[in-house]
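Below: run_27.txt (compact mmCIF, C-alpha atoms)
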# COMPACT_ATOMS: atom_id res chain seq x y z
CA MET A 1 -1.76 -5.32 -4.96
CA ILE A 2 -4.33 -4.57 -2.29
CA THR A 3 -4.08 -6.58 0.92
CA GLU A 4 -6.96 -6.76 3.38
CA ALA A 5 -6.59 -7.15 7.14
CA GLN A 6 -7.77 -10.78 7.29
CA GLU A 7 -5.31 -11.95 4.63
CA GLU A 8 -2.38 -12.27 7.06
CA TRP A 9 -2.20 -16.08 6.97
CA LYS A 10 -4.22 -16.69 3.79
CA ASP A 11 -1.30 -18.20 1.83
CA TRP A 12 0.31 -19.97 4.77
CA ASN A 13 -0.38 -23.68 5.18
CA GLU A 14 2.84 -25.27 6.33
CA MET A 15 6.41 -24.54 7.37
CA GLY A 16 8.36 -22.88 4.59
CA ASP A 17 5.38 -20.97 3.16
CA PRO A 18 5.84 -17.19 2.80
CA ILE A 19 4.87 -14.97 5.73
CA LEU A 20 3.01 -11.93 4.46
CA HIS A 21 4.13 -9.21 6.88
CA ILE A 22 7.79 -10.18 6.52
CA ASN A 23 7.50 -10.26 2.72
CA LEU A 24 5.85 -6.83 2.76
CA ARG A 25 8.63 -5.44 4.94
CA SER A 26 11.39 -6.91 2.78
CA TRP A 27 9.71 -5.75 -0.44
CA ALA A 28 9.20 -2.10 0.57
CA ASP A 29 11.73 0.74 0.39
CA LEU A 30 9.47 3.17 2.24
CA ALA A 31 6.30 2.88 4.32
CA LEU A 32 3.68 5.59 3.97
CA ILE A 33 0.75 5.40 6.37
CA ALA A 34 -2.02 7.70 5.25
CA PRO A 35 -4.40 8.28 6.85
CA LEU A 36 -2.94 7.24 10.21
CA SER A 37 -5.79 6.84 12.71
CA ALA A 38 -5.43 7.41 16.45
CA HIS A 39 -5.93 3.68 16.98
CA THR A 40 -3.14 2.55 14.63
CA LEU A 41 -0.84 5.30 15.98
CA GLY A 42 -1.34 3.87 19.46
CA LYS A 43 -0.71 0.35 18.20
CA LEU A 44 2.48 1.25 16.32
CA SER A 45 4.01 3.21 19.19
CA ASN A 46 3.33 0.34 21.61
CA GLY A 47 4.33 -2.47 19.27
CA LEU A 48 0.94 -4.17 18.96
CA CYS A 49 0.66 -6.28 15.83
CA ASP A 50 -2.61 -8.01 15.03
CA ASP A 51 -2.96 -7.35 11.28
CA PRO A 52 -0.65 -7.22 8.23
CA LEU A 53 0.03 -3.48 8.52
CA SER A 54 0.90 -3.34 12.22
CA SER A 55 2.87 -6.61 12.00
CA CYS A 56 4.84 -5.28 9.06
CA MET A 57 5.62 -2.07 10.96
CA ARG A 58 6.60 -4.08 14.04
CA ALA A 59 9.06 -5.95 11.79
CA TRP A 60 10.28 -2.71 10.17
CA GLU A 61 14.07 -2.37 9.78
CA PHE A 62 15.47 0.26 12.15
CA SER A 63 18.92 -1.26 12.42
CA ASN A 64 21.80 0.82 11.09
CA GLU A 65 22.55 -0.91 7.79
CA LYS A 66 19.05 -1.56 6.54
CA LYS A 67 17.11 1.42 7.86
CA LYS A 68 14.11 2.28 5.70
CA PRO A 69 12.16 5.52 6.01
CA VAL A 70 8.58 5.80 7.26
CA ILE A 71 6.13 8.64 6.57
CA LEU A 72 3.13 9.10 8.83
CA ALA A 73 0.15 11.28 7.89
CA PRO A 74 -2.16 11.41 10.92
CA ALA A 75 -5.88 12.13 10.52
CA MET A 76 -8.30 12.35 13.42
CA ASN A 77 -10.64 14.65 15.34
CA THR A 78 -9.05 17.88 16.67
CA ALA A 79 -9.34 16.91 20.33
CA MET A 80 -7.80 13.53 19.54
CA TYR A 81 -4.98 15.19 17.61
CA VAL A 82 -4.06 17.77 20.27
CA HIS A 83 -4.32 15.15 23.03
CA PRO A 84 -0.90 14.69 24.70
CA LEU A 85 -0.86 11.04 23.60
CA THR A 86 -0.56 12.01 19.90
CA ARG A 87 2.63 13.97 20.55
CA MET A 88 4.07 11.32 22.85
CA GLN A 89 3.33 8.46 20.48
CA LEU A 90 4.59 10.23 17.34
CA ARG A 91 7.75 11.16 19.22
CA THR A 92 8.21 7.56 20.32
CA ILE A 93 7.97 6.32 16.73
CA GLN A 94 10.43 9.02 15.57
CA GLY A 95 12.81 7.78 18.26
CA PHE A 96 12.89 4.28 16.68
CA TRP A 97 15.09 5.72 13.92
CA LYS A 98 17.84 6.44 16.40
CA GLY A 99 17.39 3.10 18.05
CA LYS A 100 15.72 4.63 21.08
CA GLY A 101 12.28 4.33 22.54
CA ASP A 102 11.97 8.09 22.61
CA ASN A 103 13.01 11.10 20.57
CA ASP A 104 14.94 12.83 23.36
CA ASP A 105 16.76 15.21 21.01
CA LEU A 106 13.60 17.21 20.71
CA LYS A 107 14.02 20.15 23.09
CA LYS A 108 10.67 21.77 22.45
CA ASP A 109 7.66 19.63 22.92
CA THR A 110 4.90 20.70 20.57
CA LEU A 111 3.25 18.90 17.66
CA GLU A 112 4.77 21.42 15.21
CA ASP A 113 8.29 20.55 16.33
CA LEU A 114 7.80 16.96 15.25
CA GLU A 115 7.50 18.00 11.62
CA TYR A 116 10.82 19.85 11.78
CA GLN A 117 12.41 16.45 12.24
CA ASN A 118 11.67 15.64 8.57
CA ASN A 119 15.31 15.68 7.44
CA SER A 120 18.19 13.43 6.53
CA GLU A 121 18.97 12.86 10.21
CA ASN A 122 15.64 11.23 10.93
CA GLY A 123 13.82 8.87 8.58
CA VAL A 124 10.48 8.89 10.40
CA TRP A 125 8.66 11.82 8.86
CA ILE A 126 5.36 13.34 9.93
CA VAL A 127 3.07 15.05 7.42
CA LYS A 128 1.06 17.48 9.54
CA PRO A 129 -2.75 17.40 9.22
CA GLN A 130 -4.67 20.32 7.74
CA SER A 131 -6.95 22.59 9.68
CA LYS A 132 -10.45 22.62 8.19
CA MET A 133 -14.01 21.41 8.62
CA LEU A 134 -13.65 17.78 9.68
CA ALA A 135 -15.93 14.88 8.82
CA CYS A 136 -17.50 15.14 12.29
CA GLY A 137 -18.60 18.71 11.58
CA GLU A 138 -16.07 20.39 13.87
CA ILE A 139 -13.51 22.85 12.54
CA GLY A 140 -9.86 22.41 13.50
CA ASP A 141 -6.61 20.51 13.10
CA GLY A 142 -6.77 16.85 12.22
CA ALA A 143 -7.83 16.55 8.58
CA LEU A 144 -5.50 14.41 6.48
CA ALA A 145 -2.82 16.52 4.73
CA SER A 146 -3.51 17.28 1.07
CA VAL A 147 -2.53 14.71 -1.57
CA GLU A 148 -0.02 17.29 -2.91
CA ASP A 149 1.70 17.63 0.49
CA ILE A 150 1.93 13.87 0.97
CA VAL A 151 3.27 13.25 -2.55
CA SER A 152 5.83 16.02 -2.11
CA ALA A 153 6.99 14.57 1.25
CA VAL A 154 7.38 11.13 -0.35
CA GLU A 155 9.36 12.65 -3.22
CA LYS A 156 11.74 14.49 -0.86
CA CYS A 157 12.13 11.46 1.37
CA LEU A 158 12.99 9.19 -1.59
CA LYS A 159 15.57 11.70 -2.79
CA ILE A 160 17.28 11.71 0.59
CA PHE A 161 17.02 8.06 1.59
CA TYR A 162 16.54 6.07 -1.62
CA TYR A 163 18.32 7.75 -4.52
CA LYS A 164 21.32 8.95 -2.53
CA SER A 165 22.18 5.62 -0.96
CA MET B 1 3.20 22.03 -3.84
CA MET B 2 2.50 19.30 -6.35
CA THR B 3 5.41 18.89 -8.70
CA PRO B 4 4.56 18.80 -12.39
CA PRO B 5 4.98 15.40 -14.07
CA PRO B 6 8.72 15.21 -14.79
CA SER B 7 9.76 14.81 -18.41
CA GLN B 8 12.06 12.01 -17.31
CA PRO B 9 11.21 9.61 -14.53
CA PRO B 10 13.03 10.71 -11.35
CA HIS B 11 14.90 7.39 -11.19
CA SER B 12 16.67 8.14 -14.47
CA HIS B 13 19.56 9.77 -12.59
CA SER B 14 20.26 6.45 -10.99
CA SER B 15 20.46 2.93 -12.29
CA LYS B 16 18.38 1.71 -9.36
CA ARG B 17 15.06 -0.07 -9.80
CA LYS B 18 11.85 1.80 -9.12
CA PRO B 19 11.25 2.63 -5.45
CA ARG B 20 8.67 0.45 -3.71
CA ILE B 21 6.14 2.05 -1.43
CA LEU B 22 4.03 0.25 1.11
CA LEU B 23 0.88 2.35 1.48
CA GLY B 24 -0.78 1.57 4.81
CA VAL B 25 -4.37 2.75 5.06
CA THR B 26 -6.21 2.92 8.39
CA GLY B 27 -9.76 3.68 9.46
CA SER B 28 -10.53 7.32 8.80
CA VAL B 29 -13.01 9.19 6.65
CA ALA B 30 -9.91 10.49 4.80
CA THR B 31 -9.57 7.00 3.28
CA VAL B 32 -11.69 8.39 0.42
CA LYS B 33 -8.58 10.30 -0.77
CA ILE B 34 -6.41 7.21 -1.09
CA PRO B 35 -7.18 6.12 -4.67
CA GLN B 36 -6.11 9.60 -5.82
CA LEU B 37 -3.00 9.49 -3.63
CA ALA B 38 -2.00 6.03 -4.89
CA LEU B 39 -2.42 7.13 -8.52
CA CYS B 40 -0.32 10.28 -7.92
CA LEU B 41 2.48 8.17 -6.42
CA ILE B 42 2.40 5.70 -9.33
CA GLU B 43 2.09 8.25 -12.14
CA GLN B 44 4.05 11.27 -10.86
CA LEU B 45 6.79 9.65 -8.80
CA HIS B 46 6.95 6.43 -10.89
CA VAL B 47 7.01 4.16 -7.89
CA ASP B 48 5.51 0.71 -7.33
CA VAL B 49 2.77 0.60 -4.71
CA ARG B 50 1.23 -2.07 -2.49
CA ILE B 51 -1.80 -1.05 -0.44
CA VAL B 52 -2.39 -2.67 2.95
CA LEU B 53 -5.76 -2.00 4.60
CA THR B 54 -6.63 -2.35 8.28
CA HIS B 55 -10.06 -3.58 9.41
CA GLY B 56 -11.02 0.04 10.08
CA ALA B 57 -9.98 1.13 6.59
CA GLN B 58 -11.93 -1.69 4.93
CA TYR B 59 -15.19 -0.29 6.27
CA PHE B 60 -14.64 2.95 4.32
CA TRP B 61 -12.90 1.24 1.40
CA ASN B 62 -15.91 -0.96 0.68
CA SER B 63 -18.49 1.79 1.07
CA SER B 64 -17.76 5.48 0.55
CA VAL B 65 -14.44 5.31 -1.33
CA LYS B 66 -16.03 4.13 -4.60
CA THR B 67 -18.69 6.81 -4.62
CA TYR B 68 -16.52 9.73 -3.44
CA ASP B 69 -14.16 9.71 -6.42
CA PRO B 70 -15.43 7.09 -8.90
CA ILE B 71 -12.94 8.07 -11.63
CA SER B 72 -9.84 7.54 -9.46
CA TRP B 73 -11.41 4.39 -8.00
CA GLU B 74 -12.02 2.95 -11.46
CA ARG B 75 -8.47 3.77 -12.59
CA LEU B 76 -6.94 2.24 -9.46
CA MET B 77 -9.07 -0.89 -9.88
CA ASN B 78 -7.84 -1.18 -13.48
CA LYS B 79 -4.26 -1.01 -12.21
CA TRP B 80 -5.04 -3.69 -9.68
CA LYS B 81 -6.63 -5.90 -12.37
CA LYS B 82 -3.53 -5.40 -14.50
CA CYS B 83 -1.29 -6.40 -11.61
CA GLN B 84 -3.36 -9.53 -10.99
CA GLU B 85 -3.34 -10.48 -14.69
CA THR B 86 0.42 -10.08 -15.00
CA LYS B 87 0.96 -11.71 -11.58
CA HIS B 88 2.87 -8.66 -10.30
CA ASN B 89 2.70 -8.22 -6.54
CA PHE B 90 2.50 -4.42 -6.82
CA MET B 91 0.59 -1.72 -8.68
CA GLY B 92 2.66 0.47 -10.98
CA ASP B 93 3.20 1.39 -14.60
CA ILE B 94 2.92 -2.18 -15.86
CA LYS B 95 3.26 -2.14 -19.63
CA ASP B 96 1.86 -4.72 -22.05
CA GLY B 97 4.17 -7.66 -22.51
CA ASP B 98 6.70 -6.58 -19.90
CA ASP B 99 6.21 -9.85 -18.10
CA SER B 100 6.27 -13.43 -19.25
CA ALA B 101 3.21 -14.14 -17.12
CA GLU B 102 1.05 -12.83 -19.97
CA GLY B 103 2.52 -15.47 -22.27
CA GLU B 104 1.57 -18.06 -19.70
CA LEU B 105 -2.02 -16.88 -19.68
CA TYR B 106 -2.09 -17.16 -23.45
CA LEU B 107 -0.74 -20.70 -23.31
CA HIS B 108 -3.31 -21.64 -20.67
CA GLY B 109 -6.03 -20.33 -22.97
CA LYS B 110 -4.79 -22.58 -25.76
CA ILE B 111 -4.69 -25.62 -23.51
CA TYR B 112 -8.32 -25.07 -22.54
CA ILE B 113 -9.29 -25.02 -26.21
CA TYR B 114 -7.46 -28.31 -26.85
CA ILE B 115 -9.10 -29.92 -23.82
CA PHE B 116 -12.48 -28.73 -25.03
CA ILE B 117 -11.98 -30.15 -28.56
CA PHE B 118 -10.66 -33.46 -27.20
CA THR B 119 -13.62 -33.84 -24.83
CA TYR B 120 -16.02 -32.96 -27.64
CA ILE B 121 -14.60 -35.66 -29.94
CA PHE B 122 -14.55 -38.18 -27.09
CA VAL B 123 -18.20 -37.55 -26.20
CA LEU B 124 -19.22 -37.73 -29.88
CA THR B 125 -17.45 -41.07 -30.30
CA ILE B 126 -19.07 -42.59 -27.23
CA PHE B 127 -22.46 -41.28 -28.25
CA SER B 128 -22.23 -42.59 -31.81
CA ARG B 129 -21.05 -46.03 -30.56
CA PHE B 130 -23.94 -46.09 -28.15
CA SER B 131 -26.49 -45.26 -30.84
CA ILE B 132 -24.98 -47.85 -33.25
CA HIS B 133 -25.17 -50.45 -30.49
CA ASN B 134 -28.83 -49.58 -29.88
CA GLU B 135 -29.65 -49.81 -33.61
CA LEU B 136 -28.02 -53.22 -33.86
CA ARG B 137 -30.01 -54.45 -30.88
CA ASN B 138 -33.21 -53.28 -32.48
Spit out the file's structure as structure tokens when you get a sec.
Amino acid sequence: MITEAQEEWKDWNEMGDPILHINLRSWADLALIAPLSAHTLGKLSNGLCDDPLSSCMRAWEFSNEKKKPVILAPAMNTAMYVHPLTRMQLRTIQGFWKGKGDNDDLKKDTLEDLEYQNNSENGVWIVKPQSKMLACGEIGDGALASVEDIVSAVEKCLKIFYYKS
Amino acid sequence: MMTPPPSQPPHSHSSKRKPRILLGVTGSVATVKIPQLALCLIEQLHVDVRIVLTHGAQYFWNSSVKTYDPISWERLMNKWKKCQETKHNFMGDIKDGDDSAEGELYLHGKIYIYIFIFTYIFVLTIFSRFSIHNELRN
């Protein structure tokens, strides 16, 4: 199934009809957002929801019994990636797992530290971008992680949060 | 590191159904890698996948994604076609005949043939009556 952004209310005509973003949320065991653009990162951390993906993530279960893991694989220009907002917003989303608006447990405050939170204690995982020649011609951090790295993160995450529960 | 395809699906150690992954894709040039990623998830991890595109992602999806990796694109589109035919709401390892929806399609096909034959006979009858009527008038 491939859902496009304008399909949010395509099948909804009257009360009682299914609501796409809620169905997506209930169906999924894990959300993987790859590539995660700077724009969607900003939307998710601030709770904006104007398309099926951001609405589904706004409706994501972070309550104790039904918590479902999320994996984020950011991809953007180097300057955009090292901008303080990236770190703040990723940290905010990681904090949702603990029912907080912020990930205060993080003592150090660098982008690398965020990835160390990929464990059984925190179900919002970050797959760090690669450093290479980017689409804009610049060389640096911000290229989407390799397919191998993303698949391996999903596999580990499922083992911890899906198969063990 | 990419794990080699397991001899047994990873869910075999549990009686649970296959894991379901919502794959959100946003606007980035890296969108070109997504067909390959989706196929790896489906074939190596044996999960069911639904792809949700943002407006930004659609721009790349409908232009450069097809041409960047046409083989993966074609294979993913085949999976999507399969999921539409069998009325599954996800893309995964959907095997032939693992859903009754296929039987329904077959039945629908038969009904169309019956309707066609019935209409054909009906039209023939009307036409022959009409021509007989005309001959009698002459």
Hey, could you make a per-residue contact list for chain B against chain A with 7 Å as the cut-off, showing the nearest pair of atoms and its distance in Å to one decimal, counting all atoms listed in the file, sorted by chain and number, as JSON lines?
{"residue": "B:Met1", "atom": "CA", "partner": "A:Glu148", "partner_atom": "CA", "distance": 5.8}
{"residue": "B:Met2", "atom": "CA", "partner": "A:Glu148", "partner_atom": "CA", "distance": 4.7}
{"residue": "B:Ser14", "atom": "CA", "partner": "A:Tyr163", "partner_atom": "CA", "distance": 6.9}
{"residue": "B:Pro19", "atom": "CA", "partner": "A:Asp29", "partner_atom": "CA", "distance": 6.2}
{"residue": "B:Arg20", "atom": "CA", "partner": "A:Ala28", "partner_atom": "CA", "distance": 5.0}
{"residue": "B:Ile21", "atom": "CA", "partner": "A:Leu30", "partner_atom": "CA", "distance": 5.1}
{"residue": "B:Leu22", "atom": "CA", "partner": "A:Ala31", "partner_atom": "CA", "distance": 4.7}
{"residue": "B:Leu23", "atom": "CA", "partner": "A:Leu32", "partner_atom": "CA", "distance": 5.0}
{"residue": "B:Gly24", "atom": "CA", "partner": "A:Ile33", "partner_atom": "CA", "distance": 4.4}
{"residue": "B:Val25", "atom": "CA", "partner": "A:Ala34", "partner_atom": "CA", "distance": 5.5}
{"residue": "B:Thr26", "atom": "CA", "partner": "A:Leu36", "partner_atom": "CA", "distance": 5.7}
{"residue": "B:Gly27", "atom": "CA", "partner": "A:Ser37", "partner_atom": "CA", "distance": 6.0}
{"residue": "B:Ser28", "atom": "CA", "partner": "A:Ser37", "partner_atom": "CA", "distance": 6.2}
{"residue": "B:Val29", "atom": "CA", "partner": "A:Ala135", "partner_atom": "CA", "distance": 6.8}
{"residue": "B:Ala30", "atom": "CA", "partner": "A:Leu144", "partner_atom": "CA", "distance": 6.1}
{"residue": "B:Thr31", "atom": "CA", "partner": "A:Pro35", "partner_atom": "CA", "distance": 6.4}
{"residue": "B:Leu37", "atom": "CA", "partner": "A:Val147", "partner_atom": "CA", "distance": 5.6}
{"residue": "B:Leu41", "atom": "CA", "partner": "A:Val151", "partner_atom": "CA", "distance": 6.4}
{"residue": "B:Leu45", "atom": "CA", "partner": "A:Glu155", "partner_atom": "CA", "distance": 6.8}
{"residue": "B:Arg50", "atom": "CA", "partner": "A:Met1", "partner_atom": "CA", "distance": 5.1}
{"residue": "B:Ile51", "atom": "CA", "partner": "A:Ile2", "partner_atom": "CA", "distance": 4.7}
{"residue": "B:Val52", "atom": "CA", "partner": "A:Thr3", "partner_atom": "CA", "distance": 4.7}
{"residue": "B:Leu53", "atom": "CA", "partner": "A:Glu4", "partner_atom": "CA", "distance": 5.1}
{"residue": "B:Thr54", "atom": "CA", "partner": "A:Ala5", "partner_atom": "CA", "distance": 4.9}
{"residue": "B:His55", "atom": "CA", "partner": "A:Ala5", "partner_atom": "CA", "distance": 5.5}
{"residue": "B:Trp80", "atom": "CA", "partner": "A:Met1", "partner_atom": "CA", "distance": 6.0}
{"residue": "B:Cys83", "atom": "CA", "partner": "A:Met1", "partner_atom": "CA", "distance": 6.8}
{"residue": "B:Asn89", "atom": "CA", "partner": "A:Met1", "partner_atom": "CA", "distance": 5.5}
{"residue": "B:Phe90", "atom": "CA", "partner": "A:Met1", "partner_atom": "CA", "distance": 4.7}
{"residue": "B:Met91", "atom": "CA", "partner": "A:Met1", "partner_atom": "CA", "distance": 5.7}
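The coordinates place atom CA of A:Glu115 at 10.9 Å from atom CA of A:Arg87.
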Name all residues at most 10 Å from A:Thr86 (count only C-alpha atoms; drop same-chain ones fewer than 3 positions away) and give them as number ranges by chain. A: 38, 41-42, 45, 74, 80-83, 89-92, 111
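With only C-alpha atoms taken into account, the protein and nucleic acid residues at most 7 Å from B:Ile42 (excluding it and anything under 5 positions from it in its own chain) are Val47, Asp48, Val49, Gly92 and Asp93 of chain B.
With atom CA of A:Asp141 on one side and atom CA of B:Val65 on the other, the separation reads 22.4 Å.
Atom pair atom CA of A:Glu61 / atom CA of A:Gln94 has a distance of 13.3 Å (rounded to one decimal).
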Counting all atoms listed in the file, find the residues whose atoms lie at most 8 Å from (-7.8, 22.8, 8.6) (file coordinates) and write them out as a PyMOL selection string. chain A and resi 129-134+139-143
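Shortest atom-to-atom contact with A:Ser63 among A:Gly47, A:Ile93, A:Lys100, A:Trp12: A:Lys100, counting all atoms listed in the file.
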Identify, on the basis of only C-alpha atoms, every residue whose closest approach to B:Leu76 does not exceed 10 Å; exclude the query and any residue fewer than 2 positions from it along the same chain; express the result as a list in words. Ile34, Pro35, Gln36, Ala38, Leu39, Ile42, Pro70, Ile71, Ser72, Trp73, Glu74, Asn78, Lys79, Trp80, Lys81, Lys82, Met91 and Gly92 of chain B
My list of candidates is A:Leu20, A:Phe96, A:Glu8, A:Glu138. Which is closest to A:Pro69 when distances are computed with all atoms listed in the file? A:Phe96
Could I get stretch 147-162 of chain A rebuilt with N, CA and C atoms, written as a tab-separated table (two decimals), in the coordinates of the input?
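Contents of result_38.tsv, as written:
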chain	number	residue	atom	x	y	z
A	147	VAL	N	-3.25	15.69	-0.75
A	147	VAL	CA	-2.53	14.71	-1.57
A	147	VAL	C	-1.21	15.31	-2.06
A	148	GLU	N	-1.23	16.61	-2.43
A	148	GLU	CA	-0.02	17.29	-2.91
A	148	GLU	C	1.08	17.27	-1.85
A	149	ASP	N	0.71	17.59	-0.59
A	149	ASP	CA	1.70	17.63	0.49
A	149	ASP	C	2.30	16.26	0.75
A	150	ILE	N	1.43	15.23	0.69
A	150	ILE	CA	1.93	13.87	0.97
A	150	ILE	C	2.86	13.42	-0.15
A	151	VAL	N	2.44	13.65	-1.41
A	151	VAL	CA	3.27	13.25	-2.55
A	151	VAL	C	4.62	13.97	-2.50
A	152	SER	N	4.58	15.25	-2.15
A	152	SER	CA	5.83	16.02	-2.11
A	152	SER	C	6.75	15.54	-0.98
A	153	ALA	N	6.16	15.12	0.16
A	153	ALA	CA	6.99	14.57	1.25
A	153	ALA	C	7.62	13.25	0.82
A	154	VAL	N	6.84	12.42	0.11
A	154	VAL	CA	7.38	11.13	-0.35
A	154	VAL	C	8.52	11.37	-1.33
A	155	GLU	N	8.34	12.35	-2.22
A	155	GLU	CA	9.36	12.65	-3.22
A	155	GLU	C	10.67	13.08	-2.55
A	156	LYS	N	10.55	14.00	-1.57
A	156	LYS	CA	11.74	14.49	-0.86
A	156	LYS	C	12.41	13.36	-0.11
A	157	CYS	N	11.60	12.55	0.54
A	157	CYS	CA	12.13	11.46	1.37
A	157	CYS	C	12.88	10.44	0.51
A	158	LEU	N	12.32	10.14	-0.69
A	158	LEU	CA	12.99	9.19	-1.59
A	158	LEU	C	14.32	9.76	-2.06
A	159	LYS	N	14.33	11.07	-2.33
A	159	LYS	CA	15.57	11.70	-2.79
A	159	LYS	C	16.66	11.56	-1.73
A	160	ILE	N	16.29	11.77	-0.49
A	160	ILE	CA	17.28	11.71	0.59
A	160	ILE	C	17.69	10.28	0.91
A	161	PHE	N	16.70	9.38	1.05
A	161	PHE	CA	17.02	8.06	1.59
A	161	PHE	C	17.13	6.97	0.53
A	162	TYR	N	16.51	7.15	-0.64
A	162	TYR	CA	16.54	6.07	-1.62
A	162	TYR	C	17.54	6.32	-2.74
